[in-house]
Amino acid sequence: FYQLKQPNNTNGLIDGAGSIGIDVGTAIDVRIEDVVCIGSTSRGIRLLGSQGAKVSRVGCHNNTTAGILLASDVNTMIVDSIFSNNGFGVETATSSNFFVDRCQANNNTIGFFLTTSPVNWEMANCIANDNTSSGILLSLSSFGTMRNCLAISNGGRGFDISGSTASLITGCVAEQNSLQGFAVATGSVVIKDCIAQANVTNGFDMLAGSVALVQ
């Protein structure tokens, strides 16, 4: 698994900037890089209806609701970034064609929260650790791929899947989580070439969901 370096604040430190540290509306091809956002009462960074944004080498810490939110965004990339001590580390809603790569979410309530029917998404080489609830939660997430991700030592499930369909989870590892390693509450996904070990409850738990393949 990829080892992240702590992002620096070459381009600025945004500390306690009210509700939202960086707020981007319907802009195109925005670049946010080498910035640290801490202490906002809502989100560290919010992208609302933007297209083609790239967020790289940022740190979002101690923000009340989320480190970063993608809402109704298209073609967004988040890479090489760390999100800690927020409500959600990374939160997506009604966004599509986004890519999250080489990011870490730790000590949040939920590490990565992909919700409200995001489609055509990809998440790779990410780490969710020491979050108080789920490490990675997919809720109503469709037509996506998660690969080579690690969920470790979370207070709930490592990979928590609910109402998600036509998605692939491959090459991922869940270990030492307080509930299941991989849990499919509802929906239908493919889980392939994944490892679950030393989780307090079951390694793989289908609950009311269906899985095409566990291998």
# chains A, B, ... in the order shown; residues from 1 in each chain; ligands from 1
call {"tool": "residues_around", "arguments": {"residues": "Gln104 (chain A)", "least_positions_apart": "3", "cutoff": "7 Å", "atoms": "only C-alpha atoms", "output": "PDB file with all heavy atoms, in the first residue's frame"}}
result
ATOM      1  N   SER A  81      -3.707  13.030  -0.622  1.00  0.00           N
ATOM      2  CA  SER A  81      -4.208  13.930   0.416  1.00  0.00           C
ATOM      3  C   SER A  81      -4.588  13.163   1.674  1.00  0.00           C
ATOM      4  O   SER A  81      -4.850  11.958   1.628  1.00  0.00           O
ATOM      5  CB  SER A  81      -5.412  14.717  -0.109  1.00  0.00           C
ATOM      6  OG  SER A  81      -5.044  15.543  -1.213  1.00  0.00           O
ATOM      7  N   ILE A  82      -4.626  13.876   2.804  1.00  0.00           N
ATOM      8  CA  ILE A  82      -4.927  13.273   4.097  1.00  0.00           C
ATOM      9  C   ILE A  82      -6.065  14.036   4.776  1.00  0.00           C
ATOM     10  O   ILE A  82      -6.079  15.272   4.797  1.00  0.00           O
ATOM     11  CB  ILE A  82      -3.682  13.260   4.998  1.00  0.00           C
ATOM     12  CG1 ILE A  82      -2.579  12.396   4.377  1.00  0.00           C
ATOM     13  CG2 ILE A  82      -4.028  12.738   6.389  1.00  0.00           C
ATOM     14  CD1 ILE A  82      -1.293  12.340   5.175  1.00  0.00           C
ATOM     15  N   PHE A  83      -6.999  13.268   5.354  1.00  0.00           N
ATOM     16  CA  PHE A  83      -8.183  13.839   5.995  1.00  0.00           C
ATOM     17  C   PHE A  83      -8.312  13.215   7.381  1.00  0.00           C
ATOM     18  O   PHE A  83      -8.491  11.997   7.507  1.00  0.00           O
ATOM     19  CB  PHE A  83      -9.423  13.550   5.148  1.00  0.00           C
ATOM     20  CG  PHE A  83      -9.274  13.994   3.707  1.00  0.00           C
ATOM     21  CD1 PHE A  83      -8.752  13.135   2.752  1.00  0.00           C
ATOM     22  CD2 PHE A  83      -9.617  15.279   3.330  1.00  0.00           C
ATOM     23  CE1 PHE A  83      -8.603  13.547   1.430  1.00  0.00           C
ATOM     24  CE2 PHE A  83      -9.465  15.709   2.013  1.00  0.00           C
ATOM     25  CZ  PHE A  83      -8.948  14.837   1.062  1.00  0.00           C
ATOM     26  N   CYS A 126      -6.179   3.712  -1.338  1.00  0.00           N
ATOM     27  CA  CYS A 126      -6.534   4.569  -0.216  1.00  0.00           C
ATOM     28  C   CYS A 126      -6.518   3.785   1.096  1.00  0.00           C
ATOM     29  O   CYS A 126      -6.695   2.567   1.112  1.00  0.00           O
ATOM     30  CB  CYS A 126      -7.911   5.192  -0.435  1.00  0.00           C
ATOM     31  SG  CYS A 126      -7.964   6.404  -1.784  1.00  0.00           S
ATOM     32  N   ILE A 127      -6.346   4.504   2.194  1.00  0.00           N
ATOM     33  CA  ILE A 127      -6.297   3.899   3.521  1.00  0.00           C
ATOM     34  C   ILE A 127      -7.317   4.586   4.416  1.00  0.00           C
ATOM     35  O   ILE A 127      -7.348   5.821   4.507  1.00  0.00           O
ATOM     36  CB  ILE A 127      -4.896   4.039   4.143  1.00  0.00           C
ATOM     37  CG1 ILE A 127      -3.844   3.362   3.255  1.00  0.00           C
ATOM     38  CG2 ILE A 127      -4.859   3.451   5.552  1.00  0.00           C
ATOM     39  CD1 ILE A 127      -2.407   3.630   3.683  1.00  0.00           C
ATOM     40  N   ALA A 128      -8.149   3.781   5.078  1.00  0.00           N
ATOM     41  CA  ALA A 128      -9.087   4.285   6.083  1.00  0.00           C
ATOM     42  C   ALA A 128      -8.751   3.596   7.395  1.00  0.00           C
ATOM     43  O   ALA A 128      -8.915   2.382   7.522  1.00  0.00           O
ATOM     44  CB  ALA A 128     -10.520   3.989   5.668  1.00  0.00           C
TER      45      ALA A 128
END
call {"tool": "select_by_dssp", "arguments": {"residues": "chain A", "states": "strand (DSSP E)", "output": "PyMOL selection string"}}
result
chain A and resi 13-15+20-24+31-33+36-38+43-48+54-56+59-61+66-71+77-79+82-84+88-93+99-101+104-106+110-115+122-124+127-129+136-139+145-147+150-152+159-170+173-175+182-192+195-197+204-205+210-214
call {"tool": "residues_around", "arguments": {"residues": "region 165-167 of chain A", "least_positions_apart": "5", "cutoff": "7 Å", "atoms": "only C-alpha atoms", "output": "list in words"}}
result
Ser141, Ser142, Phe143, Gly144, Thr145, Gly187, Ser188, Val189 and Val190 of chain A
call {"tool": "write_last_selection", "arguments": {"atoms": "N, CA, C and O atoms", "output": "PDB file, in the first residue's frame"}}
result
ATOM      1  N   SER A 141     -24.331   3.582  -4.143  1.00  0.00           N
ATOM      2  CA  SER A 141     -23.222   3.875  -5.069  1.00  0.00           C
ATOM      3  C   SER A 141     -23.230   2.847  -6.189  1.00  0.00           C
ATOM      4  O   SER A 141     -23.253   1.641  -5.928  1.00  0.00           O
ATOM      5  N   SER A 142     -23.219   3.302  -7.427  1.00  0.00           N
ATOM      6  CA  SER A 142     -23.395   2.407  -8.567  1.00  0.00           C
ATOM      7  C   SER A 142     -22.266   2.540  -9.581  1.00  0.00           C
ATOM      8  O   SER A 142     -21.655   3.593  -9.708  1.00  0.00           O
ATOM      9  N   PHE A 143     -22.005   1.436 -10.281  1.00  0.00           N
ATOM     10  CA  PHE A 143     -21.098   1.433 -11.429  1.00  0.00           C
ATOM     11  C   PHE A 143     -19.739   2.024 -11.085  1.00  0.00           C
ATOM     12  O   PHE A 143     -19.204   2.874 -11.811  1.00  0.00           O
ATOM     13  N   GLY A 144     -19.171   1.566  -9.961  1.00  0.00           N
ATOM     14  CA  GLY A 144     -17.868   2.066  -9.540  1.00  0.00           C
ATOM     15  C   GLY A 144     -16.895   0.938  -9.287  1.00  0.00           C
ATOM     16  O   GLY A 144     -17.256  -0.244  -9.250  1.00  0.00           O
ATOM     17  N   THR A 145     -15.633   1.315  -9.083  1.00  0.00           N
ATOM     18  CA  THR A 145     -14.569   0.356  -8.792  1.00  0.00           C
ATOM     19  C   THR A 145     -13.752   0.846  -7.616  1.00  0.00           C
ATOM     20  O   THR A 145     -13.336   2.007  -7.574  1.00  0.00           O
ATOM     21  N   GLY A 187     -28.103  -4.450  -1.701  1.00  0.00           N
ATOM     22  CA  GLY A 187     -27.463  -4.177  -2.982  1.00  0.00           C
ATOM     23  C   GLY A 187     -26.748  -5.408  -3.517  1.00  0.00           C
ATOM     24  O   GLY A 187     -26.842  -6.511  -2.965  1.00  0.00           O
ATOM     25  N   SER A 188     -26.007  -5.211  -4.580  1.00  0.00           N
ATOM     26  CA  SER A 188     -25.315  -6.311  -5.236  1.00  0.00           C
ATOM     27  C   SER A 188     -23.974  -5.812  -5.779  1.00  0.00           C
ATOM     28  O   SER A 188     -23.928  -4.893  -6.596  1.00  0.00           O
ATOM     29  N   VAL A 189     -22.885  -6.402  -5.297  1.00  0.00           N
ATOM     30  CA  VAL A 189     -21.552  -6.000  -5.733  1.00  0.00           C
ATOM     31  C   VAL A 189     -20.711  -7.248  -5.989  1.00  0.00           C
ATOM     32  O   VAL A 189     -21.090  -8.365  -5.633  1.00  0.00           O
ATOM     33  N   VAL A 190     -19.565  -7.043  -6.610  1.00  0.00           N
ATOM     34  CA  VAL A 190     -18.578  -8.100  -6.803  1.00  0.00           C
ATOM     35  C   VAL A 190     -17.394  -7.814  -5.885  1.00  0.00           C
ATOM     36  O   VAL A 190     -16.831  -6.718  -5.914  1.00  0.00           O
TER      37      VAL A 190
END
call {"tool": "closest_residue", "arguments": {"among": "A:Gly59, A:Gly171, A:Gly49, A:Gly89", "to": "Met146 (chain A)", "atoms": "only C-alpha atoms"}}
result
A:Gly171
call {"tool": "residues_around", "arguments": {"residues": "Asn107 (chain A)", "least_positions_apart": "2", "cutoff": "10 Å", "atoms": "only C-alpha atoms", "output": "PDB file with all heavy atoms, in the first residue's frame"}}
result
ATOM      1  N   HIS A  61      -8.245  18.877   8.311  1.00  0.00           N
ATOM      2  CA  HIS A  61      -8.243  18.337   9.659  1.00  0.00           C
ATOM      3  C   HIS A  61      -9.155  19.155  10.570  1.00  0.00           C
ATOM      4  O   HIS A  61      -9.272  20.381  10.442  1.00  0.00           O
ATOM      5  CB  HIS A  61      -6.823  18.358  10.236  1.00  0.00           C
ATOM      6  CG  HIS A  61      -5.775  17.862   9.290  1.00  0.00           C
ATOM      7  ND1 HIS A  61      -5.777  16.581   8.778  1.00  0.00           N
ATOM      8  CD2 HIS A  61      -4.700  18.487   8.729  1.00  0.00           C
ATOM      9  CE1 HIS A  61      -4.738  16.427   7.962  1.00  0.00           C
ATOM     10  NE2 HIS A  61      -4.078  17.577   7.905  1.00  0.00           N
ATOM     11  N   ASN A  62      -9.822  18.450  11.483  1.00  0.00           N
ATOM     12  CA  ASN A  62     -10.615  19.099  12.534  1.00  0.00           C
ATOM     13  C   ASN A  62     -11.733  19.983  11.980  1.00  0.00           C
ATOM     14  O   ASN A  62     -12.035  21.039  12.555  1.00  0.00           O
ATOM     15  CB  ASN A  62      -9.700  19.917  13.459  1.00  0.00           C
ATOM     16  CG  ASN A  62      -8.657  19.046  14.136  1.00  0.00           C
ATOM     17  OD1 ASN A  62      -8.991  18.091  14.830  1.00  0.00           O
ATOM     18  ND2 ASN A  62      -7.389  19.364  13.906  1.00  0.00           N
ATOM     19  N   PHE A  83      -6.999  13.268   5.354  1.00  0.00           N
ATOM     20  CA  PHE A  83      -8.183  13.839   5.995  1.00  0.00           C
ATOM     21  C   PHE A  83      -8.312  13.215   7.381  1.00  0.00           C
ATOM     22  O   PHE A  83      -8.491  11.997   7.507  1.00  0.00           O
ATOM     23  CB  PHE A  83      -9.423  13.550   5.148  1.00  0.00           C
ATOM     24  CG  PHE A  83      -9.274  13.994   3.707  1.00  0.00           C
ATOM     25  CD1 PHE A  83      -8.752  13.135   2.752  1.00  0.00           C
ATOM     26  CD2 PHE A  83      -9.617  15.279   3.330  1.00  0.00           C
ATOM     27  CE1 PHE A  83      -8.603  13.547   1.430  1.00  0.00           C
ATOM     28  CE2 PHE A  83      -9.465  15.709   2.013  1.00  0.00           C
ATOM     29  CZ  PHE A  83      -8.948  14.837   1.062  1.00  0.00           C
ATOM     30  N   SER A  84      -8.211  14.029   8.430  1.00  0.00           N
ATOM     31  CA  SER A  84      -8.232  13.469   9.776  1.00  0.00           C
ATOM     32  C   SER A  84      -9.033  14.336  10.739  1.00  0.00           C
ATOM     33  O   SER A  84      -9.111  15.554  10.594  1.00  0.00           O
ATOM     34  CB  SER A  84      -6.805  13.300  10.305  1.00  0.00           C
ATOM     35  OG  SER A  84      -6.155  14.551  10.422  1.00  0.00           O
ATOM     36  N   ASN A  85      -9.654  13.655  11.701  1.00  0.00           N
ATOM     37  CA  ASN A  85     -10.394  14.327  12.780  1.00  0.00           C
ATOM     38  C   ASN A  85     -11.523  15.213  12.275  1.00  0.00           C
ATOM     39  O   ASN A  85     -11.797  16.277  12.840  1.00  0.00           O
ATOM     40  CB  ASN A  85      -9.426  15.132  13.659  1.00  0.00           C
ATOM     41  CG  ASN A  85      -8.443  14.235  14.389  1.00  0.00           C
ATOM     42  OD1 ASN A  85      -8.832  13.431  15.230  1.00  0.00           O
ATOM     43  ND2 ASN A  85      -7.167  14.351  14.038  1.00  0.00           N
ATOM     44  N   ASN A  86     -12.174  14.765  11.199  1.00  0.00           N
ATOM     45  CA  ASN A  86     -13.367  15.443  10.694  1.00  0.00           C
ATOM     46  C   ASN A  86     -14.596  14.583  11.003  1.00  0.00           C
ATOM     47  O   ASN A  86     -14.476  13.470  11.521  1.00  0.00           O
ATOM     48  CB  ASN A  86     -13.257  15.635   9.177  1.00  0.00           C
ATOM     49  CG  ASN A  86     -11.973  16.313   8.759  1.00  0.00           C
ATOM     50  OD1 ASN A  86     -11.792  17.503   8.954  1.00  0.00           O
ATOM     51  ND2 ASN A  86     -11.042  15.556   8.165  1.00  0.00           N
ATOM     52  N   GLY A  87     -15.785  15.100  10.644  1.00  0.00           N
ATOM     53  CA  GLY A  87     -16.966  14.246  10.692  1.00  0.00           C
ATOM     54  C   GLY A  87     -16.794  13.113   9.691  1.00  0.00           C
ATOM     55  O   GLY A  87     -16.538  11.961  10.064  1.00  0.00           O
ATOM     56  N   PHE A  88     -16.910  13.409   8.396  1.00  0.00           N
ATOM     57  CA  PHE A  88     -16.503  12.500   7.326  1.00  0.00           C
ATOM     58  C   PHE A  88     -15.137  12.964   6.833  1.00  0.00           C
ATOM     59  O   PHE A  88     -14.893  14.165   6.721  1.00  0.00           O
ATOM     60  CB  PHE A  88     -17.492  12.525   6.157  1.00  0.00           C
ATOM     61  CG  PHE A  88     -18.921  12.245   6.541  1.00  0.00           C
ATOM     62  CD1 PHE A  88     -19.919  13.156   6.241  1.00  0.00           C
ATOM     63  CD2 PHE A  88     -19.270  11.082   7.206  1.00  0.00           C
ATOM     64  CE1 PHE A  88     -21.240  12.918   6.592  1.00  0.00           C
ATOM     65  CE2 PHE A  88     -20.584  10.829   7.571  1.00  0.00           C
ATOM     66  CZ  PHE A  88     -21.574  11.751   7.263  1.00  0.00           C
ATOM     67  N   GLY A  89     -14.273  12.011   6.493  1.00  0.00           N
ATOM     68  CA  GLY A  89     -13.011  12.421   5.891  1.00  0.00           C
ATOM     69  C   GLY A  89     -13.240  12.948   4.483  1.00  0.00           C
ATOM     70  O   GLY A  89     -12.997  14.117   4.176  1.00  0.00           O
ATOM     71  N   ALA A 105      -7.738   8.551   5.207  1.00  0.00           N
ATOM     72  CA  ALA A 105      -8.729   9.146   6.109  1.00  0.00           C
ATOM     73  C   ALA A 105      -8.613   8.447   7.458  1.00  0.00           C
ATOM     74  O   ALA A 105      -8.850   7.238   7.550  1.00  0.00           O
ATOM     75  CB  ALA A 105     -10.133   8.990   5.542  1.00  0.00           C
ATOM     76  N   THR A 109     -15.199  10.364  11.961  1.00  0.00           N
ATOM     77  CA  THR A 109     -16.324   9.489  12.283  1.00  0.00           C
ATOM     78  C   THR A 109     -16.425   8.381  11.248  1.00  0.00           C
ATOM     79  O   THR A 109     -16.433   7.192  11.586  1.00  0.00           O
ATOM     80  CB  THR A 109     -17.636  10.293  12.352  1.00  0.00           C
ATOM     81  OG1 THR A 109     -17.507  11.323  13.324  1.00  0.00           O
ATOM     82  CG2 THR A 109     -18.795   9.390  12.736  1.00  0.00           C
ATOM     83  N   ILE A 110     -16.497   8.737   9.972  1.00  0.00           N
ATOM     84  CA  ILE A 110     -16.418   7.792   8.853  1.00  0.00           C
ATOM     85  C   ILE A 110     -15.299   8.263   7.944  1.00  0.00           C
ATOM     86  O   ILE A 110     -15.190   9.451   7.638  1.00  0.00           O
ATOM     87  CB  ILE A 110     -17.741   7.727   8.073  1.00  0.00           C
ATOM     88  CG1 ILE A 110     -18.846   7.127   8.961  1.00  0.00           C
ATOM     89  CG2 ILE A 110     -17.591   6.901   6.798  1.00  0.00           C
ATOM     90  CD1 ILE A 110     -20.220   7.138   8.316  1.00  0.00           C
ATOM     91  N   GLY A 111     -14.477   7.333   7.492  1.00  0.00           N
ATOM     92  CA  GLY A 111     -13.327   7.735   6.680  1.00  0.00           C
ATOM     93  C   GLY A 111     -13.728   8.259   5.307  1.00  0.00           C
ATOM     94  O   GLY A 111     -13.537   9.441   4.993  1.00  0.00           O
ATOM     95  N   ALA A 128      -8.149   3.781   5.078  1.00  0.00           N
ATOM     96  CA  ALA A 128      -9.087   4.285   6.083  1.00  0.00           C
ATOM     97  C   ALA A 128      -8.751   3.596   7.395  1.00  0.00           C
ATOM     98  O   ALA A 128      -8.915   2.382   7.522  1.00  0.00           O
ATOM     99  CB  ALA A 128     -10.520   3.989   5.668  1.00  0.00           C
ATOM    100  N   ASN A 129      -8.285   4.344   8.364  1.00  0.00           N
ATOM    101  CA  ASN A 129      -7.860   3.728   9.619  1.00  0.00           C
ATOM    102  C   ASN A 129      -8.263   4.556  10.832  1.00  0.00           C
ATOM    103  O   ASN A 129      -8.315   5.782  10.783  1.00  0.00           O
ATOM    104  CB  ASN A 129      -6.342   3.518   9.640  1.00  0.00           C
ATOM    105  CG  ASN A 129      -5.552   4.804   9.598  1.00  0.00           C
ATOM    106  OD1 ASN A 129      -5.450   5.449   8.553  1.00  0.00           O
ATOM    107  ND2 ASN A 129      -4.973   5.195  10.727  1.00  0.00           N
ATOM    108  N   ASP A 130      -8.590   3.832  11.899  1.00  0.00           N
ATOM    109  CA  ASP A 130      -8.866   4.444  13.197  1.00  0.00           C
ATOM    110  C   ASP A 130     -10.019   5.440  13.168  1.00  0.00           C
ATOM    111  O   ASP A 130     -10.033   6.408  13.934  1.00  0.00           O
ATOM    112  CB  ASP A 130      -7.596   5.093  13.755  1.00  0.00           C
ATOM    113  CG  ASP A 130      -6.487   4.072  13.969  1.00  0.00           C
ATOM    114  OD1 ASP A 130      -6.652   3.208  14.839  1.00  0.00           O
ATOM    115  OD2 ASP A 130      -5.476   4.132  13.244  1.00  0.00           O
ATOM    116  N   ASN A 131     -10.978   5.223  12.275  1.00  0.00           N
ATOM    117  CA  ASN A 131     -12.199   6.021  12.290  1.00  0.00           C
ATOM    118  C   ASN A 131     -13.177   5.415  13.303  1.00  0.00           C
ATOM    119  O   ASN A 131     -13.181   4.206  13.529  1.00  0.00           O
ATOM    120  CB  ASN A 131     -12.807   6.069  10.890  1.00  0.00           C
ATOM    121  CG  ASN A 131     -11.853   6.707   9.887  1.00  0.00           C
ATOM    122  OD1 ASN A 131     -11.644   7.910   9.891  1.00  0.00           O
ATOM    123  ND2 ASN A 131     -11.238   5.892   9.025  1.00  0.00           N
ATOM    124  N   THR A 132     -14.011   6.241  13.923  1.00  0.00           N
ATOM    125  CA  THR A 132     -14.835   5.730  15.019  1.00  0.00           C
ATOM    126  C   THR A 132     -15.977   4.845  14.532  1.00  0.00           C
ATOM    127  O   THR A 132     -16.452   3.992  15.281  1.00  0.00           O
ATOM    128  CB  THR A 132     -15.402   6.884  15.861  1.00  0.00           C
ATOM    129  OG1 THR A 132     -16.160   7.763  15.020  1.00  0.00           O
ATOM    130  CG2 THR A 132     -14.280   7.674  16.519  1.00  0.00           C
ATOM    131  N   SER A 133     -16.420   5.008  13.286  1.00  0.00           N
ATOM    132  CA  SER A 133     -17.454   4.148  12.713  1.00  0.00           C
ATOM    133  C   SER A 133     -16.846   3.402  11.523  1.00  0.00           C
ATOM    134  O   SER A 133     -15.780   2.827  11.654  1.00  0.00           O
ATOM    135  CB  SER A 133     -18.670   4.983  12.314  1.00  0.00           C
ATOM    136  OG  SER A 133     -19.720   4.155  11.867  1.00  0.00           O
ATOM    137  N   GLY A 135     -14.891   2.446   8.118  1.00  0.00           N
ATOM    138  CA  GLY A 135     -13.732   2.964   7.402  1.00  0.00           C
ATOM    139  C   GLY A 135     -14.135   3.529   6.056  1.00  0.00           C
ATOM    140  O   GLY A 135     -13.836   4.682   5.728  1.00  0.00           O
ATOM    141  N   ASN A 154     -10.843   0.260  12.382  1.00  0.00           N
ATOM    142  CA  ASN A 154     -11.971   1.178  12.479  1.00  0.00           C
ATOM    143  C   ASN A 154     -12.960   0.685  13.540  1.00  0.00           C
ATOM    144  O   ASN A 154     -13.037  -0.507  13.840  1.00  0.00           O
ATOM    145  CB  ASN A 154     -12.655   1.306  11.118  1.00  0.00           C
ATOM    146  CG  ASN A 154     -11.729   1.929  10.092  1.00  0.00           C
ATOM    147  OD1 ASN A 154     -11.426   3.113  10.152  1.00  0.00           O
ATOM    148  ND2 ASN A 154     -11.238   1.119   9.143  1.00  0.00           N
ATOM    149  N   GLY A 155     -13.746   1.612  14.095  1.00  0.00           N
ATOM    150  CA  GLY A 155     -14.647   1.272  15.173  1.00  0.00           C
ATOM    151  C   GLY A 155     -15.911   0.562  14.729  1.00  0.00           C
ATOM    152  O   GLY A 155     -16.660   0.041  15.562  1.00  0.00           O
TER     153      GLY A 155
END
call {"tool": "atom_distance", "arguments": {"atom1": "CA of Gly67 (chain A)", "atom2": "CA of Leu137 (chain A)"}}
result
15.3 Å
call {"tool": "residues_around", "arguments": {"residues": "Ser95 (chain A)", "least_positions_apart": "6", "cutoff": "9 Å", "atoms": "only C-alpha atoms", "output": "MDAnalysis selection string"}}
result
chainID A and resid 49 70:76 115:121
call {"tool": "atom_distance", "arguments": {"atom1": "CA of Ala151 (chain A)", "atom2": "CA of Asn199 (chain A)"}}
result
10.5 Å
call {"tool": "closest_residue", "arguments": {"among": "A:Met123, A:Leu140, A:Ala198, A:Ala66", "to": "Thr41 (chain A)", "atoms": "only C-alpha atoms"}}
result
A:Ala66
call {"tool": "decode", "arguments": {"residues": "region 112-128 of chain A", "atoms": "N, CA, C and O atoms", "output": "JSON list (two decimals), in the first residue's frame"}}
result
[["chain", "number", "residue", "atom", "x", "y", "z"],
["A", 112, "PHE", "N", -14.28, 7.37, 4.47],
["A", 112, "PHE", "CA", -14.72, 7.73, 3.12],
["A", 112, "PHE", "C", -16.22, 7.41, 3.03],
["A", 112, "PHE", "O", -16.63, 6.28, 3.26],
["A", 113, "PHE", "N", -17.02, 8.41, 2.68],
["A", 113, "PHE", "CA", -18.48, 8.26, 2.64],
["A", 113, "PHE", "C", -18.96, 8.62, 1.24],
["A", 113, "PHE", "O", -19.08, 9.79, 0.89],
["A", 114, "LEU", "N", -19.23, 7.59, 0.42],
["A", 114, "LEU", "CA", -19.72, 7.78, -0.94],
["A", 114, "LEU", "C", -21.20, 7.48, -0.93],
["A", 114, "LEU", "O", -21.63, 6.34, -0.69],
["A", 115, "THR", "N", -22.02, 8.50, -1.18],
["A", 115, "THR", "CA", -23.45, 8.35, -0.96],
["A", 115, "THR", "C", -24.27, 9.04, -2.05],
["A", 115, "THR", "O", -23.76, 9.78, -2.86],
["A", 116, "THR", "N", -25.57, 8.75, -2.03],
["A", 116, "THR", "CA", -26.57, 9.40, -2.88],
["A", 116, "THR", "C", -26.27, 9.20, -4.36],
["A", 116, "THR", "O", -26.13, 10.14, -5.14],
["A", 117, "SER", "N", -26.14, 7.93, -4.72],
["A", 117, "SER", "CA", -26.05, 7.51, -6.12],
["A", 117, "SER", "C", -24.90, 8.10, -6.93],
["A", 117, "SER", "O", -25.08, 8.54, -8.06],
["A", 118, "PRO", "N", -23.69, 8.15, -6.39],
["A", 118, "PRO", "CA", -22.59, 8.49, -7.29],
["A", 118, "PRO", "C", -22.41, 7.37, -8.30],
["A", 118, "PRO", "O", -22.54, 6.19, -7.97],
["A", 119, "VAL", "N", -22.15, 7.72, -9.55],
["A", 119, "VAL", "CA", -21.98, 6.71, -10.59],
["A", 119, "VAL", "C", -20.65, 6.92, -11.30],
["A", 119, "VAL", "O", -20.10, 8.01, -11.34],
["A", 120, "ASN", "N", -20.14, 5.80, -11.85],
["A", 120, "ASN", "CA", -18.88, 5.84, -12.61],
["A", 120, "ASN", "C", -17.75, 6.47, -11.80],
["A", 120, "ASN", "O", -17.09, 7.39, -12.24],
["A", 121, "TRP", "N", -17.54, 5.94, -10.60],
["A", 121, "TRP", "CA", -16.51, 6.45, -9.72],
["A", 121, "TRP", "C", -15.40, 5.40, -9.59],
["A", 121, "TRP", "O", -15.60, 4.22, -9.86],
["A", 122, "GLU", "N", -14.23, 5.86, -9.16],
["A", 122, "GLU", "CA", -13.13, 4.94, -8.88],
["A", 122, "GLU", "C", -12.37, 5.43, -7.66],
["A", 122, "GLU", "O", -12.12, 6.62, -7.48],
["A", 123, "MET", "N", -12.00, 4.49, -6.82],
["A", 123, "MET", "CA", -11.23, 4.78, -5.62],
["A", 123, "MET", "C", -10.11, 3.75, -5.55],
["A", 123, "MET", "O", -10.36, 2.54, -5.63],
["A", 124, "ALA", "N", -8.86, 4.21, -5.41],
["A", 124, "ALA", "CA", -7.72, 3.30, -5.48],
["A", 124, "ALA", "C", -6.63, 3.70, -4.50],
["A", 124, "ALA", "O", -6.42, 4.89, -4.24],
["A", 125, "ASN", "N", -5.96, 2.68, -3.95],
["A", 125, "ASN", "CA", -4.75, 2.90, -3.14],
["A", 125, "ASN", "C", -5.00, 3.83, -1.95],
["A", 125, "ASN", "O", -4.15, 4.63, -1.59],
["A", 126, "CYS", "N", -6.18, 3.71, -1.34],
["A", 126, "CYS", "CA", -6.53, 4.57, -0.22],
["A", 126, "CYS", "C", -6.52, 3.79, 1.10],
["A", 126, "CYS", "O", -6.70, 2.57, 1.11],
["A", 127, "ILE", "N", -6.35, 4.50, 2.19],
["A", 127, "ILE", "CA", -6.30, 3.90, 3.52],
["A", 127, "ILE", "C", -7.32, 4.59, 4.42],
["A", 127, "ILE", "O", -7.35, 5.82, 4.51],
["A", 128, "ALA", "N", -8.15, 3.78, 5.08],
["A", 128, "ALA", "CA", -9.09, 4.29, 6.08],
["A", 128, "ALA", "C", -8.75, 3.60, 7.40],
["A", 128, "ALA", "O", -8.91, 2.38, 7.52]]
